[in-house]
Structures are given as structure tokens and as C-alpha cells.
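Peer 1: run16.pdb is the file, holding PDB, C-alpha atoms, pLDDT in the B column:
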MODEL        1
ATOM      1  CA  MET A   1       2.930   2.851  15.878  1.00 48.00           C
ATOM      2  CA  LEU A   2       4.496   6.294  16.372  1.00 48.00           C
ATOM      3  CA  HIS A   3       7.163   7.588  18.687  1.00 46.00           C
ATOM      4  CA  ASP A   4       6.319   9.087  22.069  1.00 47.00           C
ATOM      5  CA  THR A   5       7.826  12.418  20.988  1.00 52.00           C
ATOM      6  CA  HIS A   6       4.510  13.803  19.702  1.00 51.00           C
ATOM      7  CA  PRO A   7       3.061  16.753  21.532  1.00 54.00           C
ATOM      8  CA  ALA A   8      -0.144  15.895  23.338  1.00 56.00           C
ATOM      9  CA  GLY A   9      -3.339  16.684  21.569  1.00 90.00           C
ATOM     10  CA  TRP A  10      -3.408  15.910  17.873  1.00 95.00           C
ATOM     11  CA  PHE A  11      -1.888  12.433  18.253  1.00 95.00           C
ATOM     12  CA  GLU A  12      -4.456  11.268  20.805  1.00 95.00           C
ATOM     13  CA  GLN A  13      -7.248  12.884  18.793  1.00 96.00           C
ATOM     14  CA  ALA A  14      -6.054  11.071  15.665  1.00 96.00           C
ATOM     15  CA  GLN A  15      -5.879   7.740  17.491  1.00 96.00           C
ATOM     16  CA  ALA A  16      -9.396   8.243  18.862  1.00 96.00           C
ATOM     17  CA  ALA A  17     -10.718   9.151  15.406  1.00 96.00           C
ATOM     18  CA  GLU A  18      -9.013   6.082  13.938  1.00 97.00           C
ATOM     19  CA  GLU A  19     -10.536   3.831  16.620  1.00 97.00           C
ATOM     20  CA  ARG A  20     -14.037   5.061  15.810  1.00 97.00           C
ATOM     21  CA  GLN A  21     -13.236   4.845  12.081  1.00 97.00           C
ATOM     22  CA  ASP A  22     -13.771   8.560  11.540  1.00 97.00           C
ATOM     23  CA  TRP A  23     -11.384   8.484   8.610  1.00 97.00           C
ATOM     24  CA  ASP A  24     -11.854  12.127   7.582  1.00 97.00           C
ATOM     25  CA  ALA A  25     -10.885  13.393  11.040  1.00 96.00           C
ATOM     26  CA  ALA A  26      -8.003  10.948  11.474  1.00 97.00           C
ATOM     27  CA  ILE A  27      -6.598  11.705   8.024  1.00 97.00           C
ATOM     28  CA  ALA A  28      -6.848  15.468   8.534  1.00 96.00           C
ATOM     29  CA  LEU A  29      -5.063  15.295  11.885  1.00 97.00           C
ATOM     30  CA  VAL A  30      -2.295  12.942  10.789  1.00 97.00           C
ATOM     31  CA  SER A  31      -1.663  14.512   7.374  1.00 96.00           C
ATOM     32  CA  ALA A  32      -0.927  17.872   9.025  1.00 95.00           C
ATOM     33  CA  HIS A  33       2.072  16.228  10.737  1.00 95.00           C
ATOM     34  CA  ALA A  34       3.181  13.923   7.911  1.00 95.00           C
ATOM     35  CA  GLU A  35       6.176  14.319   5.641  1.00 94.00           C
ATOM     36  CA  CYS A  36       7.502  11.687   3.255  1.00 93.00           C
ATOM     37  CA  CYS A  37      11.173  10.866   3.728  1.00 89.00           C
ATOM     38  CA  SER A  38      11.522  13.449   6.488  1.00 91.00           C
ATOM     39  CA  THR A  39      14.674  13.565   8.582  1.00 93.00           C
ATOM     40  CA  ASP A  40      12.286  13.877  11.542  1.00 93.00           C
ATOM     41  CA  PRO A  41      11.299  10.281  12.347  1.00 94.00           C
ATOM     42  CA  SER A  42       7.937  11.294  13.818  1.00 94.00           C
ATOM     43  CA  ARG A  43       6.981  13.150  10.621  1.00 95.00           C
ATOM     44  CA  HIS A  44       8.009  10.155   8.523  1.00 95.00           C
ATOM     45  CA  ASP A  45       6.055   7.787  10.805  1.00 96.00           C
ATOM     46  CA  SER A  46       3.064  10.112  10.471  1.00 96.00           C
ATOM     47  CA  HIS A  47       3.427   9.890   6.689  1.00 97.00           C
ATOM     48  CA  LEU A  48       3.278   6.084   6.832  1.00 97.00           C
ATOM     49  CA  TRP A  49       0.293   6.311   9.166  1.00 97.00           C
ATOM     50  CA  HIS A  50      -1.354   8.745   6.744  1.00 98.00           C
ATOM     51  CA  MET A  51      -0.903   6.284   3.844  1.00 98.00           C
ATOM     52  CA  ASP A  52      -2.350   3.491   5.988  1.00 97.00           C
ATOM     53  CA  LEU A  53      -5.362   5.611   6.915  1.00 98.00           C
ATOM     54  CA  LEU A  54      -6.009   6.440   3.258  1.00 98.00           C
ATOM     55  CA  ALA A  55      -5.946   2.725   2.423  1.00 97.00           C
ATOM     56  CA  ARG A  56      -8.204   1.770   5.320  1.00 97.00           C
ATOM     57  CA  ALA A  57     -10.629   4.522   4.274  1.00 97.00           C
ATOM     58  CA  GLU A  58     -10.491   3.008   0.766  1.00 96.00           C
ATOM     59  CA  ARG A  59      -9.466   6.318  -0.755  1.00 97.00           C
ATOM     60  CA  PHE A  60      -7.832   4.522  -3.632  1.00 96.00           C
ATOM     61  CA  PRO A  61      -7.983   7.401  -6.143  1.00 96.00           C
ATOM     62  CA  GLU A  62      -6.144   9.656  -3.688  1.00 96.00           C
ATOM     63  CA  LEU A  63      -3.571   6.951  -2.954  1.00 96.00           C
ATOM     64  CA  ALA A  64      -3.140   6.314  -6.700  1.00 96.00           C
ATOM     65  CA  GLU A  65      -2.498  10.009  -7.307  1.00 97.00           C
ATOM     66  CA  ARG A  66       0.084  10.091  -4.517  1.00 96.00           C
ATOM     67  CA  ALA A  67       1.577   6.815  -5.764  1.00 96.00           C
ATOM     68  CA  LEU A  68       2.839   8.557  -8.890  1.00 94.00           C
ATOM     69  CA  ALA A  69       5.600  10.194  -6.838  1.00 95.00           C
ATOM     70  CA  ASP A  70       5.505   8.452  -3.457  1.00 96.00           C
ATOM     71  CA  VAL A  71       6.788   4.899  -3.021  1.00 95.00           C
ATOM     72  CA  HIS A  72       5.023   4.558   0.345  1.00 96.00           C
ATOM     73  CA  ALA A  73       1.664   5.412  -1.215  1.00 97.00           C
ATOM     74  CA  ARG A  74       2.326   2.989  -4.064  1.00 97.00           C
ATOM     75  CA  ARG A  75       3.222   0.126  -1.731  1.00 96.00           C
ATOM     76  CA  ARG A  76       0.264   0.752   0.569  1.00 97.00           C
ATOM     77  CA  LEU A  77      -2.153   1.058  -2.358  1.00 98.00           C
ATOM     78  CA  ASN A  78      -0.984  -2.192  -3.906  1.00 98.00           C
ATOM     79  CA  ALA A  79      -1.120  -3.982  -0.552  1.00 97.00           C
ATOM     80  CA  ALA A  80      -4.682  -2.733   0.015  1.00 98.00           C
ATOM     81  CA  LEU A  81      -5.747  -3.848  -3.445  1.00 98.00           C
ATOM     82  CA  ARG A  82      -4.225  -7.276  -2.824  1.00 98.00           C
ATOM     83  CA  GLU A  83      -5.926  -7.539   0.586  1.00 97.00           C
ATOM     84  CA  ARG A  84      -9.262  -6.837  -1.093  1.00 97.00           C
ATOM     85  CA  GLY A  85      -8.654  -9.308  -3.947  1.00 97.00           C
ATOM     86  CA  MET A  86      -8.728  -6.612  -6.629  1.00 97.00           C
ATOM     87  CA  ALA A  87      -6.747  -8.504  -9.272  1.00 98.00           C
ATOM     88  CA  THR A  88      -8.063  -6.495 -12.232  1.00 98.00           C
ATOM     89  CA  VAL A  89      -7.020  -3.184 -10.701  1.00 97.00           C
ATOM     90  CA  LEU A  90      -3.594  -4.597  -9.813  1.00 98.00           C
ATOM     91  CA  ARG A  91      -3.171  -5.925 -13.338  1.00 98.00           C
ATOM     92  CA  ASN A  92      -4.077  -2.516 -14.787  1.00 97.00           C
ATOM     93  CA  ARG A  93      -1.499  -0.878 -12.530  1.00 97.00           C
ATOM     94  CA  ALA A  94       1.088  -3.515 -13.498  1.00 98.00           C
ATOM     95  CA  GLU A  95       0.334  -2.942 -17.186  1.00 97.00           C
ATOM     96  CA  GLY A  96       1.100   0.730 -16.527  1.00 96.00           C
ATOM     97  CA  GLY A  97       4.589  -0.238 -15.374  1.00 95.00           C
ATOM     98  CA  ASP A  98       4.132  -0.572 -11.603  1.00 96.00           C
ATOM     99  CA  ARG A  99       6.288  -3.561 -10.648  1.00 96.00           C
ATOM    100  CA  SER A 100       5.045  -3.450  -7.061  1.00 96.00           C
ATOM    101  CA  ALA A 101       1.512  -3.975  -8.436  1.00 98.00           C
ATOM    102  CA  LEU A 102       2.740  -6.902 -10.525  1.00 98.00           C
ATOM    103  CA  TYR A 103       4.278  -8.567  -7.474  1.00 98.00           C
ATOM    104  CA  ALA A 104       1.091  -7.984  -5.468  1.00 98.00           C
ATOM    105  CA  LEU A 105      -0.977  -9.401  -8.335  1.00 98.00           C
ATOM    106  CA  VAL A 106       1.186 -12.514  -8.631  1.00 98.00           C
ATOM    107  CA  ARG A 107       0.996 -13.094  -4.866  1.00 98.00           C
ATOM    108  CA  LEU A 108      -2.778 -12.616  -4.877  1.00 98.00           C
ATOM    109  CA  LEU A 109      -3.231 -15.057  -7.739  1.00 98.00           C
ATOM    110  CA  GLY A 110      -0.910 -17.605  -6.150  1.00 97.00           C
ATOM    111  CA  GLU A 111      -2.572 -17.299  -2.747  1.00 97.00           C
ATOM    112  CA  THR A 112      -5.971 -17.917  -4.295  1.00 97.00           C
ATOM    113  CA  GLY A 113      -4.884 -21.021  -6.205  1.00 97.00           C
ATOM    114  CA  ARG A 114      -4.588 -19.344  -9.594  1.00 97.00           C
ATOM    115  CA  THR A 115      -0.958 -20.249 -10.215  1.00 97.00           C
ATOM    116  CA  GLN A 116      -1.400 -20.599 -13.985  1.00 97.00           C
ATOM    117  CA  GLU A 117      -2.946 -17.136 -14.131  1.00 98.00           C
ATOM    118  CA  ALA A 118      -0.029 -15.788 -12.075  1.00 98.00           C
ATOM    119  CA  HIS A 119       2.447 -17.393 -14.469  1.00 98.00           C
ATOM    120  CA  ARG A 120       0.570 -15.938 -17.469  1.00 98.00           C
ATOM    121  CA  ALA A 121       0.624 -12.458 -15.902  1.00 98.00           C
ATOM    122  CA  VAL A 122       4.395 -12.662 -15.479  1.00 98.00           C
ATOM    123  CA  GLN A 123       4.827 -13.931 -19.042  1.00 98.00           C
ATOM    124  CA  ASP A 124       2.615 -11.137 -20.392  1.00 98.00           C
ATOM    125  CA  LEU A 125       3.893  -8.251 -18.290  1.00 98.00           C
ATOM    126  CA  ALA A 126       7.460  -8.973 -17.204  1.00 97.00           C
ATOM    127  CA  PRO A 127       8.906 -12.101 -18.807  1.00 98.00           C
ATOM    128  CA  ASP A 128      12.464 -11.031 -17.930  1.00 97.00           C
ATOM    129  CA  ASP A 129      11.761 -10.217 -14.276  1.00 98.00           C
ATOM    130  CA  PRO A 130      13.461 -12.877 -12.144  1.00 98.00           C
ATOM    131  CA  TYR A 131      11.734 -11.755  -8.943  1.00 98.00           C
ATOM    132  CA  ALA A 132       8.274 -12.141 -10.486  1.00 98.00           C
ATOM    133  CA  HIS A 133       9.237 -15.653 -11.645  1.00 98.00           C
ATOM    134  CA  GLN A 134      10.537 -16.417  -8.159  1.00 98.00           C
ATOM    135  CA  ILE A 135       7.173 -15.454  -6.632  1.00 98.00           C
ATOM    136  CA  VAL A 136       5.328 -17.751  -9.054  1.00 97.00           C
ATOM    137  CA  ALA A 137       7.766 -20.583  -8.335  1.00 97.00           C
ATOM    138  CA  ARG A 138       6.961 -20.403  -4.610  1.00 96.00           C
ATOM    139  CA  PHE A 139       3.339 -21.192  -5.355  1.00 95.00           C
ATOM    140  CA  ARG A 140       4.185 -23.987  -7.759  1.00 90.00           C
ATOM    141  CA  SER A 141       6.239 -25.919  -5.214  1.00 80.00           C
TER
ENDMDL
END
Turn the structure described in the file into C-alpha cells.
Peer 2:
Amino acid sequence: MLHDTHPAGWFEQAQAAEERQDWDAAIALVSAHAECCSTDPSRHDSHLWHMDLLARAERFPELAERALADVHARRRLNAALRERGMATVLRNRAEGGDRSALYALVRLLGETGRTQEAHRAVQDLAPDDPYAHQIVARFRS
């Protein structure tokens, strides 16, 4: 997942914590080395890892707070909500203007055989969004 340029210690500790699903320890270790959009690739990779750990720990309120200013948090949150079938939460986020949440919602609905509901969501929330219509069309064909 991350580059081999990490100093020994924290990285291995974080991996071990992740393997045993000790989310608090893993998140604390990784977040100390994470920086969104860093010019240092290892710090940026750590940021992506941090967002993934938050999602796997189901710390959705924390991810949602970060998602206000961080595209990586927003994408990971919406993916986690989709993976867990949380259509209502995705719809609420989409109603708040999060297009990534709308796309995740439409995919979730289409994947679960609710194509009409997906179409209705697009009509209600983003009738002029060609990408959202394109996602629905994939499930209709």
C-alpha cells in the first residue's frame, strides 16, 4: 500500500494494529504521518491510508467532518456508505450537494435492482447531470 521509504517502527506498528483491527492505534499511528495533497508521496499515501482506516473503523461522523474540505475523505466516506448499503445516508448527502454521494447512491440502487429508484433520485436531485444519467443507463441496459 505504501512506499518502502518509511522509517522502521511506526509503519510496521500501524500495519500490525490494522491486522488485529485495533483501529484506534492504527489511526493514531498513520494520522501522525498523513498529509492531504502532500508533495511527499509517502505522506499523501499515509493520508489515503488514514481515510481508509477511518472508513473501516466506521468513524463516519469524523469522515463526514473531514469530507467538507477533503475530497479523499468524501470519496472514501461515500464508498463506505455504498459498500454498507446505506442509501438513505447517501441520499441525504446528495441532497446536500455532494455529487460523489449521488453517484454512489445511483450505483448502489442500480446494483441492488432498484433502477427505477435510481432514475427517480437522478430526476429529483440532478436532472441536468449527464454522468448521473449515464450511470442509470448502464443498469437499464
Peer 1: Set the distance at 8 Å and use all atoms listed in the file: which residues neighbour A:His44 once local chain neighbours fewer than 5 positions away are removed? I'd like the list as a list in words.
Peer 2: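 Here the answer would be Ala34, Glu35, Cys36, Cys37, Ser38 and Thr39 of chain A.
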Peer 1: Rounded to one decimal, what separation in Å do you get between atom CA of A:Glu19 and atom CA of A:Arg74?
Peer 2: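 Computed distance, atom CA of A:Glu19 to atom CA of A:Arg74, equals 24.4 Å.
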Peer 1: If the PyMOL selection byres ((chain A and resi 10) around 10) is run on the structure shown, which residues does it catch, given as an NGL selection string?
Peer 2: :A and (6-9 or 11-16 or 26 or 28-30 or 32-33)
Peer 1: Mind giving me the straight-line distance from atom CA of A:Glu58 to atom CA of A:Ala25 in Å, one decimal?
Peer 2: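 So the two atoms, atom CA of A:Glu58 and atom CA of A:Ala25, lie 14.6 Å apart.
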Peer 1: Could you please determine the separation between atom CA of A:Leu77 and atom CA of A:Ser141 in Å, to one decimal place?
Peer 2: 28.4 Å
Peer 1: I'd like to know which of A:Gln123, A:Ser31, A:Asn78, A:Gln116 is closest to A:Leu90, using only C-alpha atoms.
Peer 2: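 Among the listed residues, the smallest separation from A:Leu90 belongs to A:Asn78.
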Peer 1: Work out where the centre of an axis-aligned box around every listed atom of stretch 87-106 of chain A lies and how long its edges are once 6 Å is added on each side; give both in Å to one decimal as AutoDock Vina command-line options.
Peer 2:
--center_x -0.9 --center_y -5.9 --center_z -11.3 --size_x 26.4 --size_y 25.2 --size_z 23.7
Peer 1: Using all atoms listed in the file, which residue out of A:Leu48, A:Ala126, A:Leu54, A:Leu108 lies closest to A:Gly96?
Peer 2: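 Among the listed residues, A:Ala126 lies closest to A:Gly96.
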Peer 1: Taking 5 positions as the minimum chain separation for residues in the same chain, which residues sit within 9 Å of A:Ala101 when counting all atoms listed in the file? Answer as a ChimeraX atom specification.
Peer 2: /A:74-75,77-79,81-82,89-95,106
Peer 1: From the set A:Ala121, A:Leu105, A:Ala64, A:Leu53, which residue has the shortest atom-to-atom contact distance to A:Ala17, counting only C-alpha atoms?
Peer 2: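 Nearest to A:Ala17: A:Leu53.
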Peer 1: For the PyMOL selection byres ((chain A and resi 107) around 12), applied here, can you spell out every residue it catches as a ChimeraX atom specification?
Peer 2: /A:78-79,81-83,85-87,90-91,100-106,108-115,117-119,121-122,131-140
Peer 1: Identify all residues satisfying the PyMOL selection byres ((chain A and resi 66) around 12) in the given file; provide them as a PDB file with C-alpha atoms, keeping the file's coordinate frame.
Peer 2:
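Generated output (result.pdb):
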ATOM      1  CA  CYS A  36       7.502  11.687   3.255  1.00 93.00           C
ATOM      2  CA  HIS A  47       3.427   9.890   6.689  1.00 97.00           C
ATOM      3  CA  HIS A  50      -1.354   8.745   6.744  1.00 98.00           C
ATOM      4  CA  MET A  51      -0.903   6.284   3.844  1.00 98.00           C
ATOM      5  CA  LEU A  54      -6.009   6.440   3.258  1.00 98.00           C
ATOM      6  CA  ALA A  55      -5.946   2.725   2.423  1.00 97.00           C
ATOM      7  CA  ARG A  59      -9.466   6.318  -0.755  1.00 97.00           C
ATOM      8  CA  PHE A  60      -7.832   4.522  -3.632  1.00 96.00           C
ATOM      9  CA  PRO A  61      -7.983   7.401  -6.143  1.00 96.00           C
ATOM     10  CA  GLU A  62      -6.144   9.656  -3.688  1.00 96.00           C
ATOM     11  CA  LEU A  63      -3.571   6.951  -2.954  1.00 96.00           C
ATOM     12  CA  ALA A  64      -3.140   6.314  -6.700  1.00 96.00           C
ATOM     13  CA  GLU A  65      -2.498  10.009  -7.307  1.00 97.00           C
ATOM     14  CA  ALA A  67       1.577   6.815  -5.764  1.00 96.00           C
ATOM     15  CA  LEU A  68       2.839   8.557  -8.890  1.00 94.00           C
ATOM     16  CA  ALA A  69       5.600  10.194  -6.838  1.00 95.00           C
ATOM     17  CA  ASP A  70       5.505   8.452  -3.457  1.00 96.00           C
ATOM     18  CA  VAL A  71       6.788   4.899  -3.021  1.00 95.00           C
ATOM     19  CA  HIS A  72       5.023   4.558   0.345  1.00 96.00           C
ATOM     20  CA  ALA A  73       1.664   5.412  -1.215  1.00 97.00           C
ATOM     21  CA  ARG A  74       2.326   2.989  -4.064  1.00 97.00           C
ATOM     22  CA  ARG A  75       3.222   0.126  -1.731  1.00 96.00           C
ATOM     23  CA  ARG A  76       0.264   0.752   0.569  1.00 97.00           C
ATOM     24  CA  LEU A  77      -2.153   1.058  -2.358  1.00 98.00           C
TER      25      LEU A  77
END
